[in-house]
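Working notes, beginning with the structure itself.
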Amino acid sequence: MLLTVSYLELNKMRRLLPVLLLAVIPALQGCFPVVATGVGAGALMAGDRRTSGIYIEDQGIELKAASRIEEKYKNGVHVNVTSFNRHVLLTGEASSEEVKQGMGQVALGVPNVIDVTNEVAIGNVAPFSARSNDTYITSKVKGRMIDANRFAPHHVKVVTENGVVYLMGMVTRKEADDAAEIARTTSDVRKVVKVFEYLD
């Protein structure tokens, strides 16, 4: 069977490649050979509004906070830790309000964390299918940001949990509004939450 790809489809795939790389590289952050080359990190740091030192510190904060939370609560929780300029966002699921608050305190106890936005939901751990759908939504939002060409897409960090899109980054208010509008009008997005640090 011959597979044909139109020029438009090929163009779309080319535009989505950077988005897929942005989604995959953080998953490889624990792999020493990738980090050691500096290729992945160097590509992502180029043009970032954070200093290279803060960028690396954010990676460390994410690893430490996730590790400490998992060590304390074992398999009873699912948590995603995202740090941007030392402002931490927690998403995922916890079995109770007490556990949720405890997770926030653990993250706040990591050195150099400025504050924690705790968006962990109370309930059962989300199945793999839901997480896969969230990854797909993130890629769609990032792809539409690239297509819209209203701001530099790498200035906005997109995190999706159960169809809710969280937007982080150091941005102007116009960039924040543009990013929120793009996310809000993306299919399958239930809600958009801004967790920005404003430059103006």
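Here, A, B, ... name the chains of the structure tokens in the order displayed, residue numbers run from 1 inside each chain, and ligands are numbered from 1 in the same displayed order.
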Check your understanding: Residues of segment 90-157 of chain A in helix (DSSP H, G or I) according to DSSP, as an NGL selection string?
Key -> :A and (97-108 or 128-148 or 153-155)
Listing only residues of segment 39-139 of chain A within 10 Å of segment 175-199 of chain A, what is the closest atom pair and its distance in Å (to one decimal) for each, using only C-alpha atoms, sorted by chain and residue number ascending, as a Markdown table?
```
| residue | atom | partner | partner_atom | distance |
| --- | --- | --- | --- | --- |
| A:Phe84 | CA | A:Glu197 | CA | 9.0 |
| A:Asn85 | CA | A:Glu197 | CA | 8.6 |
| A:His87 | CA | A:Glu197 | CA | 8.6 |
| A:Val88 | CA | A:Val195 | CA | 9.4 |
| A:Leu89 | CA | A:Val195 | CA | 8.0 |
| A:Thr117 | CA | A:Val195 | CA | 7.9 |
| A:Glu119 | CA | A:Val193 | CA | 9.8 |
| A:Asn133 | CA | A:Asp188 | CA | 9.1 |
| A:Asp134 | CA | A:Val189 | CA | 9.1 |
| A:Tyr136 | CA | A:Asp188 | CA | 9.7 |
| A:Ile137 | CA | A:Asp188 | CA | 7.0 |
| A:Thr138 | CA | A:Ala183 | CA | 9.0 |
```
Can you spit out the residues from that selection as a PDB file, in the first residue's frame, using N, CA and C atoms?
```pdb
ATOM      1  N   PHE A  84       8.997  27.412  36.994  1.00  0.00           N
ATOM      2  CA  PHE A  84       9.388  28.437  36.026  1.00  0.00           C
ATOM      3  C   PHE A  84       9.826  29.664  36.802  1.00  0.00           C
ATOM      4  N   ASN A  85      11.113  29.988  36.690  1.00  0.00           N
ATOM      5  CA  ASN A  85      11.709  31.103  37.431  1.00  0.00           C
ATOM      6  C   ASN A  85      11.500  30.935  38.936  1.00  0.00           C
ATOM      7  N   HIS A  87       9.045  29.657  40.488  1.00  0.00           N
ATOM      8  CA  HIS A  87       7.632  29.596  40.875  1.00  0.00           C
ATOM      9  C   HIS A  87       7.140  28.205  40.491  1.00  0.00           C
ATOM     10  N   VAL A  88       6.603  27.477  41.450  1.00  0.00           N
ATOM     11  CA  VAL A  88       6.262  26.065  41.231  1.00  0.00           C
ATOM     12  C   VAL A  88       4.755  25.871  41.065  1.00  0.00           C
ATOM     13  N   LEU A  89       4.398  25.059  40.083  1.00  0.00           N
ATOM     14  CA  LEU A  89       3.013  24.641  39.861  1.00  0.00           C
ATOM     15  C   LEU A  89       2.915  23.147  40.122  1.00  0.00           C
ATOM     16  N   THR A 117       1.939  27.152  43.539  1.00  0.00           N
ATOM     17  CA  THR A 117       0.529  27.173  43.144  1.00  0.00           C
ATOM     18  C   THR A 117       0.071  25.717  43.129  1.00  0.00           C
ATOM     19  N   GLU A 119      -2.468  23.119  42.410  1.00  0.00           N
ATOM     20  CA  GLU A 119      -3.680  22.812  41.642  1.00  0.00           C
ATOM     21  C   GLU A 119      -3.969  21.306  41.627  1.00  0.00           C
ATOM     22  N   ASN A 133      -4.010  11.900  26.651  1.00  0.00           N
ATOM     23  CA  ASN A 133      -4.858  12.924  26.041  1.00  0.00           C
ATOM     24  C   ASN A 133      -4.378  14.316  26.430  1.00  0.00           C
ATOM     25  N   ASP A 134      -3.934  14.469  27.680  1.00  0.00           N
ATOM     26  CA  ASP A 134      -3.404  15.757  28.135  1.00  0.00           C
ATOM     27  C   ASP A 134      -2.160  16.146  27.340  1.00  0.00           C
ATOM     28  N   TYR A 136      -1.504  15.255  24.334  1.00  0.00           N
ATOM     29  CA  TYR A 136      -1.972  15.621  22.991  1.00  0.00           C
ATOM     30  C   TYR A 136      -2.529  17.048  22.981  1.00  0.00           C
ATOM     31  N   ILE A 137      -3.290  17.403  24.019  1.00  0.00           N
ATOM     32  CA  ILE A 137      -3.835  18.760  24.116  1.00  0.00           C
ATOM     33  C   ILE A 137      -2.702  19.779  24.193  1.00  0.00           C
ATOM     34  N   THR A 138      -1.686  19.483  25.006  1.00  0.00           N
ATOM     35  CA  THR A 138      -0.536  20.383  25.116  1.00  0.00           C
ATOM     36  C   THR A 138       0.110  20.606  23.757  1.00  0.00           C
TER      37      THR A 138
END
```
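Take the candidates A:Pro127, A:Gly109, A:Gly53, A:Gly76 and check each one against Ser95 of chain A using only C-alpha atoms; the shortest distance goes to A:Gly76.
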**Study point:** Which of segment 67-196 of chain A fall in strand (DSSP E), as a PyMOL selection string
**Key:** chain A and resi 78-84+87-94+115-118+121-122+157-161+164-171+191-196
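Of the residues under consideration (A:Gly104, A:Gly92, A:Gly143, A:Gly60), A:Gly92 shows the shortest atom-to-atom contact distance to Val120 of chain A when counting only C-alpha atoms.
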